[in-house]
>>> print(open('protein-v2.csv').read())   # CSV, C-alpha atoms
chain,number,residue,atom,x,y,z
A,253,MET,CA,-8.1,111.5,-28.1
A,254,SER,CA,-10.5,108.6,-27.2
A,255,ARG,CA,-10.5,105.4,-29.2
A,256,VAL,CA,-14.1,106.0,-30.3
A,257,LEU,CA,-13.2,109.5,-31.5
A,258,THR,CA,-10.1,108.2,-33.3
A,259,ALA,CA,-12.1,105.4,-35.0
A,260,LEU,CA,-14.9,107.7,-36.1
A,261,LEU,CA,-12.6,110.4,-37.4
A,262,GLY,CA,-10.8,107.6,-39.3
A,263,LEU,CA,-14.1,106.5,-40.7
A,264,ALA,CA,-14.8,110.1,-41.7
A,265,LEU,CA,-12.0,109.8,-44.3
A,266,LEU,CA,-14.1,107.2,-46.2
A,267,PRO,CA,-16.8,108.1,-48.7
A,268,VAL,CA,-20.3,107.0,-47.7
A,269,VAL,CA,-21.8,106.8,-51.2
A,270,THR,CA,-20.6,106.7,-54.7
A,271,THR,CA,-21.6,109.8,-56.6
A,272,PRO,CA,-20.9,111.0,-60.1
A,273,ALA,CA,-17.8,113.1,-60.7
A,274,ALA,CA,-18.3,116.3,-58.9
A,275,GLN,CA,-18.9,119.5,-60.9
A,276,ALA,CA,-15.9,121.8,-60.6
A,277,ALA,CA,-16.8,124.4,-58.0
A,278,PRO,CA,-15.9,128.0,-58.6
A,279,PRO,CA,-13.3,129.3,-56.3
A,280,PRO,CA,-14.6,130.8,-53.0
A,281,PRO,CA,-14.7,134.5,-52.9
A,282,ALA,CA,-11.8,136.3,-51.3
A,283,VAL,CA,-14.1,138.1,-48.9
A,284,CYS,CA,-16.7,136.1,-46.8
A,285,SER,CA,-20.3,136.9,-47.7
A,286,ASP,CA,-23.8,135.7,-46.8
A,287,GLU,CA,-25.2,136.8,-50.1
A,288,PRO,CA,-27.0,133.8,-51.8
A,289,ARG,CA,-25.3,132.2,-54.8
A,290,ASP,CA,-25.9,129.1,-57.0
A,291,LEU,CA,-23.2,126.7,-55.9
A,292,PRO,CA,-22.6,123.0,-56.5
A,293,ILE,CA,-23.9,120.6,-53.8
A,294,ASP,CA,-23.6,117.2,-55.5
A,295,GLU,CA,-21.1,115.9,-53.0
A,296,PHE,CA,-23.8,115.9,-50.3
A,297,THR,CA,-26.0,112.8,-49.9
A,298,ASP,CA,-29.3,113.3,-51.8
A,299,TYR,CA,-32.5,111.4,-51.1
A,300,ARG,CA,-31.9,108.6,-53.6
A,301,GLU,CA,-28.4,108.1,-52.3
A,302,LEU,CA,-29.7,108.1,-48.7
A,303,VAL,CA,-32.1,105.3,-49.5
A,304,ARG,CA,-29.4,103.2,-51.1
A,305,GLU,CA,-27.0,103.8,-48.3
A,306,LEU,CA,-29.5,102.8,-45.6
A,307,GLY,CA,-30.2,99.6,-47.5
A,308,ARG,CA,-26.4,98.9,-47.6
A,309,LEU,CA,-26.0,99.6,-43.9
A,310,GLU,CA,-28.8,97.2,-43.0
A,311,ARG,CA,-27.1,94.4,-45.0
A,312,ALA,CA,-23.5,95.2,-44.0
A,313,SER,CA,-24.4,95.4,-40.3
A,314,LYS,CA,-26.1,92.0,-40.4
A,315,GLY,CA,-29.2,93.4,-38.8
A,316,ARG,CA,-27.6,95.7,-36.2
A,317,VAL,CA,-28.8,98.7,-38.1
A,318,SER,CA,-32.6,98.8,-38.3
A,319,VAL,CA,-34.4,101.1,-40.8
A,320,LYS,CA,-38.1,101.9,-40.6
A,321,THR,CA,-40.5,104.6,-41.8
A,322,ALA,CA,-41.3,107.4,-39.3
A,323,GLY,CA,-43.5,109.3,-41.8
A,324,THR,CA,-44.0,110.5,-45.3
A,325,SER,CA,-43.3,114.0,-46.7
A,326,THR,CA,-45.9,116.0,-48.6
A,327,ARG,CA,-44.4,114.8,-51.9
A,328,GLY,CA,-44.4,111.1,-50.9
A,329,ARG,CA,-40.8,110.7,-49.8
A,330,LEU,CA,-40.2,108.5,-46.8
A,331,ILE,CA,-38.8,110.0,-43.6
A,332,HIS,CA,-36.5,107.3,-42.1
A,333,GLN,CA,-35.9,106.3,-38.5
A,334,VAL,CA,-32.6,104.4,-38.2
A,335,SER,CA,-31.5,102.6,-35.0
A,336,VAL,CA,-28.4,100.8,-33.8
A,337,GLY,CA,-27.5,99.5,-30.4
A,338,THR,CA,-29.5,98.1,-27.5
A,339,GLY,CA,-28.3,100.2,-24.6
A,340,PRO,CA,-30.5,101.8,-21.9
A,341,LYS,CA,-29.5,105.3,-22.8
A,342,VAL,CA,-31.3,106.7,-25.9
A,343,PHE,CA,-29.4,109.1,-28.1
A,344,LEU,CA,-31.6,110.7,-30.7
A,345,VAL,CA,-30.3,112.9,-33.5
A,346,SER,CA,-31.8,114.5,-36.6
A,347,SER,CA,-30.5,116.4,-39.6
A,348,GLU,CA,-31.8,118.5,-42.5
A,349,ILE,CA,-34.9,119.8,-40.8
A,350,HIS,CA,-33.8,122.7,-43.0
A,351,GLY,CA,-33.1,121.3,-46.4
A,352,ASN,CA,-30.1,123.6,-47.2
A,353,GLU,CA,-28.2,122.4,-44.1
A,354,LYS,CA,-26.7,119.2,-45.1
A,355,THR,CA,-23.4,118.1,-43.4
A,356,GLY,CA,-25.3,116.5,-40.5
A,357,THR,CA,-26.7,113.8,-42.8
A,358,ASP,CA,-23.3,112.7,-43.9
A,359,ALA,CA,-22.0,112.7,-40.3
A,360,ILE,CA,-24.9,110.6,-39.2
A,361,LEU,CA,-24.4,108.0,-41.9
A,362,ARG,CA,-20.7,107.6,-41.0
A,363,ILE,CA,-21.6,107.1,-37.3
A,364,LEU,CA,-24.2,104.6,-38.2
A,365,ASP,CA,-21.6,102.7,-40.3
A,366,TYR,CA,-19.2,102.6,-37.5
A,367,LEU,CA,-21.7,101.6,-34.8
A,368,GLY,CA,-23.3,99.1,-37.1
A,369,THR,CA,-20.3,97.3,-38.7
A,370,SER,CA,-17.3,97.8,-36.4
A,371,GLU,CA,-16.2,94.9,-34.2
A,372,SER,CA,-13.9,97.1,-32.1
A,373,ARG,CA,-14.3,96.9,-28.3
A,374,GLU,CA,-15.4,100.5,-28.3
A,375,ALA,CA,-18.2,100.0,-30.8
A,376,GLN,CA,-19.4,96.9,-28.9
A,377,ARG,CA,-19.4,98.9,-25.7
A,378,LEU,CA,-21.4,101.7,-27.2
A,379,ARG,CA,-23.9,99.3,-28.7
A,380,ARG,CA,-24.4,97.8,-25.2
A,381,THR,CA,-24.8,101.1,-23.4
A,382,ILE,CA,-26.6,103.3,-26.0
A,383,THR,CA,-29.4,103.0,-28.4
A,384,PHE,CA,-28.5,105.4,-31.2
A,385,VAL,CA,-31.5,106.6,-33.2
A,386,ALA,CA,-31.2,108.9,-36.2
A,387,VAL,CA,-33.6,110.7,-38.5
A,388,PRO,CA,-30.9,111.5,-41.1
A,389,LYS,CA,-33.0,113.6,-43.6
A,390,LEU,CA,-36.0,115.0,-41.7
A,391,ASN,CA,-37.1,117.3,-44.5
A,392,PRO,CA,-36.5,115.4,-47.7
A,393,ASP,CA,-38.7,117.6,-49.9
A,394,GLY,CA,-36.8,120.7,-48.8
A,395,ALA,CA,-33.5,118.9,-49.1
A,396,GLU,CA,-34.2,117.9,-52.8
A,397,LEU,CA,-35.2,121.5,-53.5
A,398,ASP,CA,-32.1,122.7,-51.6
A,399,ARG,CA,-34.0,125.2,-49.5
A,400,ARG,CA,-34.8,125.9,-45.9
A,401,GLY,CA,-38.5,125.2,-45.9
A,402,ASN,CA,-40.5,122.1,-46.8
A,403,ASP,CA,-42.9,121.8,-49.8
A,404,LEU,CA,-46.4,122.4,-48.4
A,405,SER,CA,-49.0,125.0,-49.1
A,406,TRP,CA,-51.5,126.5,-46.6
A,407,PRO,CA,-54.5,125.1,-48.5
A,408,GLU,CA,-52.9,121.6,-48.2
A,409,VAL,CA,-52.6,122.1,-44.5
A,410,GLN,CA,-56.2,123.2,-44.3
A,411,ARG,CA,-57.3,120.1,-46.2
A,412,THR,CA,-55.5,117.9,-43.6
A,413,PHE,CA,-56.9,120.0,-40.8
A,414,PRO,CA,-60.4,121.2,-41.8
A,415,GLN,CA,-60.8,123.0,-38.5
A,416,LEU,CA,-58.3,125.6,-39.8
A,417,ALA,CA,-60.6,126.7,-42.7
A,418,GLY,CA,-60.7,130.5,-42.8
A,419,ARG,CA,-57.7,131.0,-40.6
A,420,PRO,CA,-54.6,133.0,-41.7
A,421,PRO,CA,-51.5,131.0,-42.4
A,422,ALA,CA,-49.2,130.1,-39.6
A,423,TRP,CA,-46.5,132.8,-38.9
A,424,ASN,CA,-43.7,130.4,-40.1
A,425,TYR,CA,-45.3,130.0,-43.5
A,426,LEU,CA,-42.8,130.8,-46.3
A,427,ASP,CA,-44.4,132.4,-49.4
A,428,THR,CA,-42.0,135.1,-50.4
A,429,GLU,CA,-38.2,135.1,-51.1
A,430,LEU,CA,-35.8,133.8,-48.6
A,431,GLN,CA,-32.1,132.9,-48.8
A,432,GLY,CA,-32.2,133.2,-52.6
A,433,ASP,CA,-35.2,130.9,-52.9
A,434,ASP,CA,-38.6,131.9,-54.3
A,435,TYR,CA,-41.4,130.4,-52.3
A,436,ARG,CA,-44.1,132.4,-54.0
A,437,THR,CA,-45.1,129.7,-56.5
A,438,ARG,CA,-44.0,126.8,-54.3
A,439,PRO,CA,-44.6,127.7,-50.6
A,440,GLY,CA,-43.5,125.8,-47.5
A,441,PHE,CA,-42.9,126.1,-43.8
A,442,ASP,CA,-40.0,126.5,-41.5
A,443,VAL,CA,-40.4,123.0,-39.9
A,444,ASN,CA,-38.3,123.9,-36.9
A,445,ARG,CA,-41.0,126.2,-35.5
A,446,ASP,CA,-43.8,123.6,-35.7
A,447,PHE,CA,-43.2,121.7,-32.4
A,448,ASN,CA,-45.2,121.8,-29.2
A,449,PRO,CA,-44.2,120.5,-25.8
A,450,GLU,CA,-47.7,119.1,-25.4
A,451,LEU,CA,-47.0,116.1,-27.6
A,452,GLY,CA,-50.6,115.1,-28.0
A,453,TYR,CA,-51.6,118.6,-29.2
A,454,LEU,CA,-54.0,118.8,-32.2
A,455,PRO,CA,-54.2,122.1,-34.2
A,456,ARG,CA,-56.9,124.5,-33.0
A,457,ALA,CA,-58.2,127.4,-35.1
A,458,GLU,CA,-57.7,129.9,-32.3
A,459,ASP,CA,-54.0,129.2,-32.1
A,460,PHE,CA,-53.3,130.6,-35.6
A,461,PRO,CA,-51.3,132.4,-36.9
A,462,GLY,CA,-49.3,132.1,-33.6
A,463,ALA,CA,-46.0,133.8,-33.0
A,464,PRO,CA,-42.3,132.9,-32.5
A,465,ASP,CA,-42.6,132.9,-28.7
A,466,GLN,CA,-45.5,130.5,-28.8
A,467,PRO,CA,-45.5,126.7,-29.4
A,468,GLY,CA,-46.1,125.2,-32.8
A,469,TRP,CA,-48.9,122.9,-34.0
A,470,PHE,CA,-47.5,119.7,-35.7
A,471,ILE,CA,-49.1,120.8,-39.0
A,472,THR,CA,-46.1,119.7,-41.1
A,473,PRO,CA,-45.6,115.9,-41.8
A,474,GLU,CA,-42.0,116.4,-40.9
A,475,ALA,CA,-42.7,117.6,-37.4
A,476,ARG,CA,-45.3,114.8,-36.9
A,477,ALA,CA,-42.7,112.3,-38.0
A,478,LEU,CA,-40.1,113.4,-35.5
A,479,ARG,CA,-42.8,113.5,-32.8
A,480,SER,CA,-43.7,109.9,-33.7
A,481,VAL,CA,-40.1,108.8,-33.2
A,482,TYR,CA,-39.9,110.6,-29.9
A,483,VAL,CA,-43.2,109.3,-28.6
A,484,GLY,CA,-42.5,105.8,-29.8
A,485,LEU,CA,-39.1,105.7,-28.0
A,486,THR,CA,-40.7,107.0,-24.9
A,487,ALA,CA,-43.4,104.3,-25.0
A,488,GLN,CA,-40.9,101.5,-25.7
A,489,ARG,CA,-38.4,102.6,-22.9
A,490,GLY,CA,-40.9,104.0,-20.4
A,491,LYS,CA,-39.0,107.3,-20.3
A,492,VAL,CA,-38.2,110.1,-22.7
A,493,PRO,CA,-34.9,109.8,-24.8
A,494,ASP,CA,-31.9,110.9,-22.8
A,495,VAL,CA,-30.4,113.0,-25.6
A,496,TYR,CA,-31.6,114.9,-28.6
A,497,VAL,CA,-29.2,116.6,-31.0
A,498,ASP,CA,-30.5,118.8,-33.8
A,499,LEU,CA,-27.9,119.3,-36.6
A,500,HIS,CA,-28.1,122.7,-38.4
A,501,HIS,CA,-26.0,125.3,-40.2
A,502,GLN,CA,-25.7,129.1,-39.6
A,503,GLY,CA,-24.3,132.1,-41.4
A,504,ALA,CA,-21.1,131.8,-43.4
A,505,CYS,CA,-19.1,134.6,-41.8
A,506,VAL,CA,-19.2,133.8,-38.1
A,507,LYS,CA,-16.0,133.7,-36.0
A,508,GLN,CA,-14.8,132.4,-32.7
A,509,GLU,CA,-14.5,135.2,-30.2
A,510,GLY,CA,-10.9,135.9,-29.3
A,511,SER,CA,-9.3,134.0,-32.2
A,512,ASN,CA,-10.5,136.1,-35.1
A,513,ARG,CA,-10.9,132.9,-37.0
A,514,PHE,CA,-13.9,131.6,-38.9
A,515,LEU,CA,-15.4,128.8,-36.7
A,516,ASP,CA,-16.6,125.3,-37.6
A,517,VAL,CA,-19.5,124.6,-35.3
A,518,GLY,CA,-21.5,126.6,-32.8
A,519,ILE,CA,-23.2,124.7,-29.9
A,520,ASP,CA,-26.2,125.7,-27.9
A,521,TYR,CA,-28.8,124.6,-25.3
A,522,PRO,CA,-32.5,125.4,-25.5
A,523,PRO,CA,-33.5,129.1,-25.7
A,524,LEU,CA,-36.1,129.2,-23.0
A,525,PRO,CA,-35.8,132.1,-20.5
A,526,ASP,CA,-35.3,131.2,-16.9
A,527,LYS,CA,-37.9,133.8,-15.8
A,528,PHE,CA,-40.7,131.8,-17.4
A,529,PHE,CA,-40.2,128.8,-15.1
A,530,GLU,CA,-41.2,130.8,-12.1
A,531,PRO,CA,-44.6,130.2,-10.4
A,532,GLY,CA,-47.4,131.5,-12.5
A,533,GLN,CA,-45.3,131.9,-15.6
A,534,LYS,CA,-45.8,130.2,-19.0
A,535,TYR,CA,-43.4,127.3,-18.4
A,536,ALA,CA,-44.0,126.8,-14.7
A,537,LYS,CA,-45.6,123.4,-15.1
A,538,TYR,CA,-42.4,122.1,-16.8
A,539,ARG,CA,-40.1,123.3,-14.1
A,540,ASP,CA,-39.5,119.9,-12.6
A,541,VAL,CA,-38.7,118.2,-15.9
A,542,TYR,CA,-36.9,120.9,-17.9
A,543,THR,CA,-33.3,119.9,-18.6
A,544,LYS,CA,-31.3,123.1,-18.7
A,545,ASP,CA,-28.3,121.7,-16.8
A,546,ALA,CA,-28.3,118.4,-18.6
A,547,SER,CA,-28.5,120.2,-22.0
A,548,ARG,CA,-25.6,122.5,-21.1
A,549,GLN,CA,-23.5,119.5,-19.9
A,550,LEU,CA,-24.2,117.7,-23.2
A,551,ALA,CA,-23.4,120.9,-25.2
A,552,ILE,CA,-20.0,121.2,-23.4
A,553,SER,CA,-19.3,117.6,-24.2
A,554,GLY,CA,-19.9,118.3,-27.8
A,555,PHE,CA,-17.8,121.4,-27.8
A,556,ASN,CA,-14.9,119.5,-26.1
A,557,GLY,CA,-15.0,116.8,-28.8
A,558,ILE,CA,-14.9,119.5,-31.5
A,559,ARG,CA,-12.0,121.3,-29.8
A,560,ASP,CA,-10.0,118.2,-28.9
A,561,ALA,CA,-10.1,117.0,-32.5
A,562,GLY,CA,-8.6,120.3,-33.7
A,563,TYR,CA,-11.7,122.0,-35.0
A,564,LEU,CA,-13.0,125.5,-34.0
A,565,GLY,CA,-16.2,125.5,-31.8
A,566,ALA,CA,-18.1,128.3,-30.1
A,567,ARG,CA,-21.2,129.1,-28.1
A,568,TYR,CA,-24.0,129.8,-30.5
A,569,PRO,CA,-25.6,133.3,-29.8
A,570,HIS,CA,-28.1,132.9,-27.0
A,571,ASP,CA,-29.7,136.0,-25.6
A,572,ALA,CA,-31.2,135.5,-22.2
A,573,ALA,CA,-34.6,136.7,-23.5
A,574,ARG,CA,-34.7,134.4,-26.6
A,575,ASP,CA,-37.8,132.2,-26.4
A,576,LEU,CA,-38.5,129.6,-29.1
A,577,PRO,CA,-40.8,126.9,-27.7
A,578,GLY,CA,-41.8,125.8,-31.3
A,579,GLN,CA,-38.3,124.4,-31.9
A,580,ALA,CA,-37.9,120.7,-31.6
A,581,ARG,CA,-35.1,121.0,-29.1
A,582,CYS,CA,-37.1,123.2,-26.9
A,583,SER,CA,-40.3,121.1,-27.0
A,584,PHE,CA,-38.3,118.0,-26.2
A,585,ALA,CA,-36.3,119.7,-23.4
A,586,LEU,CA,-39.6,120.7,-21.8
A,587,ASN,CA,-40.4,117.0,-21.7
A,588,GLY,CA,-37.2,116.0,-19.9
A,589,THR,CA,-34.7,115.3,-22.7
A,590,GLY,CA,-31.3,116.9,-22.7
A,591,THR,CA,-31.1,118.7,-26.0
A,592,VAL,CA,-28.3,120.3,-28.0
A,593,LEU,CA,-28.0,122.4,-31.2
A,594,PHE,CA,-25.1,122.1,-33.6
A,595,GLU,CA,-24.7,125.0,-36.0
A,596,VAL,CA,-22.2,124.4,-38.7
A,597,ARG,CA,-20.8,127.5,-40.5
A,598,GLY,CA,-22.4,128.3,-43.8
A,599,GLN,CA,-25.4,127.0,-45.7
A,600,THR,CA,-25.6,125.7,-49.3
A,601,GLN,CA,-26.5,129.1,-50.8
A,602,THR,CA,-23.4,130.7,-49.3
A,603,LEU,CA,-20.7,128.0,-49.2
A,604,GLY,CA,-22.2,125.2,-51.3
A,605,GLN,CA,-20.1,122.1,-50.7
A,606,TRP,CA,-16.9,124.0,-49.8
A,607,HIS,CA,-15.4,122.6,-46.7
A,608,ARG,CA,-18.0,119.8,-46.7
A,609,GLU,CA,-15.5,117.1,-45.5
A,610,HIS,CA,-13.9,119.4,-42.9
A,611,PHE,CA,-17.3,120.3,-41.4
A,612,THR,CA,-18.6,116.7,-41.5
A,613,ARG,CA,-15.6,115.6,-39.5
A,614,ALA,CA,-16.1,118.4,-37.0
A,615,VAL,CA,-19.7,117.3,-36.5
A,616,ILE,CA,-18.6,113.7,-36.1
A,617,ALA,CA,-16.0,114.8,-33.5
A,618,GLY,CA,-18.7,116.5,-31.4
A,619,LEU,CA,-21.2,113.7,-31.6
A,620,ALA,CA,-18.5,111.0,-30.9
A,621,ASN,CA,-17.4,112.7,-27.7
A,622,MET,CA,-21.0,113.1,-26.6
A,623,LEU,CA,-21.6,109.4,-27.2
A,624,ARG,CA,-18.6,108.5,-25.2
A,625,ASP,CA,-19.5,110.8,-22.3
A,626,VAL,CA,-23.1,109.7,-22.2
A,627,SER,CA,-22.1,106.0,-22.4
A,628,SER,CA,-19.6,106.3,-19.5
A,629,GLY,CA,-21.7,108.7,-17.4
A,630,ALA,CA,-18.9,111.3,-17.6
A,631,VAL,CA,-21.3,113.9,-19.0
A,632,THR,CA,-23.0,114.1,-15.6
A,633,LYS,CA,-19.8,115.3,-14.0
A,634,ILE,CA,-19.4,118.3,-16.2
A,635,ASP,CA,-20.1,121.7,-14.6
A,636,PRO,CA,-23.1,123.1,-16.5
A,637,GLU,CA,-22.2,126.6,-15.4
A,638,SER,CA,-18.9,126.4,-17.4
A,639,PHE,CA,-20.9,126.6,-20.6
A,640,ASP,CA,-20.9,130.4,-20.4
A,641,GLY,CA,-17.1,130.3,-20.2
A,642,LEU,CA,-16.8,128.8,-23.7
A,643,PRO,CA,-15.7,131.1,-26.5
A,644,ALA,CA,-18.6,133.0,-28.0
A,645,THR,CA,-19.7,133.3,-31.6
A,646,ILE,CA,-19.2,136.7,-33.3
A,647,GLU,CA,-20.1,138.1,-36.7
A,648,GLY,CA,-16.8,138.0,-38.7
A,649,PHE,CA,-17.1,139.5,-42.2
A,650,GLY,CA,-13.6,139.8,-43.6
A,651,THR,CA,-11.0,138.4,-45.9
A,652,LEU,CA,-10.7,134.6,-46.0
A,653,GLY,CA,-7.3,133.2,-45.1
A,654,GLU,CA,-5.4,130.9,-47.5
A,655,ALA,CA,-6.1,127.8,-45.3
A,656,GLU,CA,-9.8,128.6,-45.4
A,657,ILE,CA,-9.8,129.0,-49.1
A,658,LEU,CA,-7.9,125.8,-49.9
A,659,GLU,CA,-9.5,123.6,-47.3
>>> encode(input="protein-v2.csv", output="structure tokens")
Amino acid sequence: MSRVLTALLGLALLPVVTTPAAQAAPPPPAVCSDEPRDLPIDEFTDYRELVRELGRLERASKGRVSVKTAGTSTRGRLIHQVSVGTGPKVFLVSSEIHGNEKTGTDAILRILDYLGTSESREAQRLRRTITFVAVPKLNPDGAELDRRGNDLSWPEVQRTFPQLAGRPPAWNYLDTELQGDDYRTRPGFDVNRDFNPELGYLPRAEDFPGAPDQPGWFITPEARALRSVYVGLTAQRGKVPDVYVDLHHQGACVKQEGSNRFLDVGIDYPPLPDKFFEPGQKYAKYRDVYTKDASRQLAISGFNGIRDAGYLGARYPHDAARDLPGQARCSFALNGTGTVLFEVRGQTQTLGQWHREHFTRAVIAGLANMLRDVSSGAVTKIDPESFDGLPATIEGFGTLGEAEILE
């Protein structure tokens, strides 16, 4: 195990923020289920605690950790851009684009703490070789509501973009019930369908309501904030960020193929079908900059870190025809950045804060190995074709084992 991975996993044992005594959680059900439930989540870092922790990191790091505002949510919460390191390789990561997918935020904070305050040789080397940039809570309104979507109505979008008057809502508008949450009186959007590879795109009436296999529009403040971070880094460095990692959660009952065990993290590269990069097809103009191989190399690096630290990883389901250009990772990959998806098992409505510490350490393990491999250049020596040889993700409803209940 590398020194950086050892240090970061050691850091994972430490609490990031001081929280009130946790409410006793009900025991997990004996049989895994994706049915929504009301479960405790107070161990996760909420918005108020995030602001406090970022202030502490700025002070404790003596200026190594820099915090600035990337944007503001609909309800007035700041969306933070946090940076540490001065290296030529830019490693961008975001969490909680879906507000009920929370372990990534805690993992990011611990990595920022290590990179910002450690005087170890490994931390110093990483700061020299990498600029680590994080958006630790991209959807703060959704995070405070503990739901997937943000807090934004279609009339509010139309007031921001008057050219959309009279148009039907975007296809990713949430105004019904989803994952146990009622959006009928407080609607929102799935922010991770609101990105466009044309980073200067402005919403056009004729592009609505759109469809899953078409780009998004940057109509949400959260998508515009992450675009601002990406465009700003590109302008500062004269090139797009080298890496973008999007930290998510998936269903609660997925298993690793071949082991019959519930997994910890699924890994994926961008879902953009190869056939659309052929001459005359929809992505042909991006052919020379699209980063499929680099993304697969990075994904394998993340998987290796998860596996080597003793956690259970797998390939996230990725059908060859899956086409989602409106996702952040796809839009950035079409601009030349290597992008990776982390999908931790279970969301707050199915697992609450069960296994929070375990999953947080698994995410740290994957990110730490990626940082090491990007820093050293070892990632470029990974065979991208070996991605398909990683164990797959399978649906795995069944009885939870004792270790999984007590974890």
>>> atom_distance(input="protein-v2.csv", atom1="CA of Arg479 in chain A", atom2="CA of Tyr453 in chain A")
10.8 Å
>>> atom_distance(input="protein-v2.csv", atom1="CA of Asp286 in chain A", atom2="CA of Leu430 in chain A")
12.3 Å
>>> residues_near_point(input="protein-v2.csv", point="(-45.2, 130.2, -50.5)", cutoff="8 Å", atoms="all atoms listed in the file", output="PyMOL selection string")
chain A and resi 405+425-428+434-440
>>> closest_residue(input="protein-v2.csv", among="A:Thr543, A:Ile471, A:Lys314, A:Leu515", to="Phe529 in chain A", atoms="only C-alpha atoms")
A:Thr543
>>> closest_residue(input="protein-v2.csv", among="A:His570, A:His500, A:Arg539, A:Lys491", to="Ser347 in chain A", atoms="all atoms listed in the file")
A:His500
>>> residues_near_point(input="protein-v2.csv", point="(-21.1, 134.8, -21.5)", cutoff="10 Å", atoms="all atoms listed in the file", output="PyMOL selection string")
chain A and resi 567+569-571+638-644
>>> closest_residue(input="protein-v2.csv", among="A:Leu603, A:Ile363, A:Ala573, A:Ala386", to="Ser335 in chain A", atoms="all atoms listed in the file")
A:Ala386
>>> residues_around(input="protein-v2.csv", residues="Leu623 in chain A", least_positions_apart="6", cutoff="8 Å", atoms="all atoms listed in the file", output="list in words")
Phe343, Leu378 and Ile382 of chain A
>>> residues_around(input="protein-v2.csv", residues="range 576-590 of chain A", least_positions_apart="5", cutoff="10 Å", atoms="only C-alpha atoms", output="JSON, numbers by chain")
{"A": [342, 343, 344, 349, 442, 443, 444, 445, 446, 447, 448, 449, 450, 451, 463, 464, 465, 466, 467, 468, 469, 470, 475, 478, 479, 482, 491, 492, 493, 494, 495, 496, 497, 498, 521, 522, 523, 524, 525, 535, 537, 538, 539, 540, 541, 542, 543, 544, 545, 546, 547, 548, 549, 550, 551]}
>>> residues_around(input="protein-v2.csv", residues="Arg380 in chain A", least_positions_apart="2", cutoff="7 Å", atoms="only C-alpha atoms", output="list of chain:residue names")
A:Gly337, A:Thr338, A:Gly339, A:Gln376, A:Arg377, A:Leu378, A:Ile382
>>> closest_residue(input="protein-v2.csv", among="A:Ala620, A:Val385, A:Val506, A:Leu593", to="Ala561 in chain A", atoms="all atoms listed in the file")
A:Ala620
>>> atom_distance(input="protein-v2.csv", atom1="CA of Arg597 in chain A", atom2="CA of Cys505 in chain A")
7.4 Å
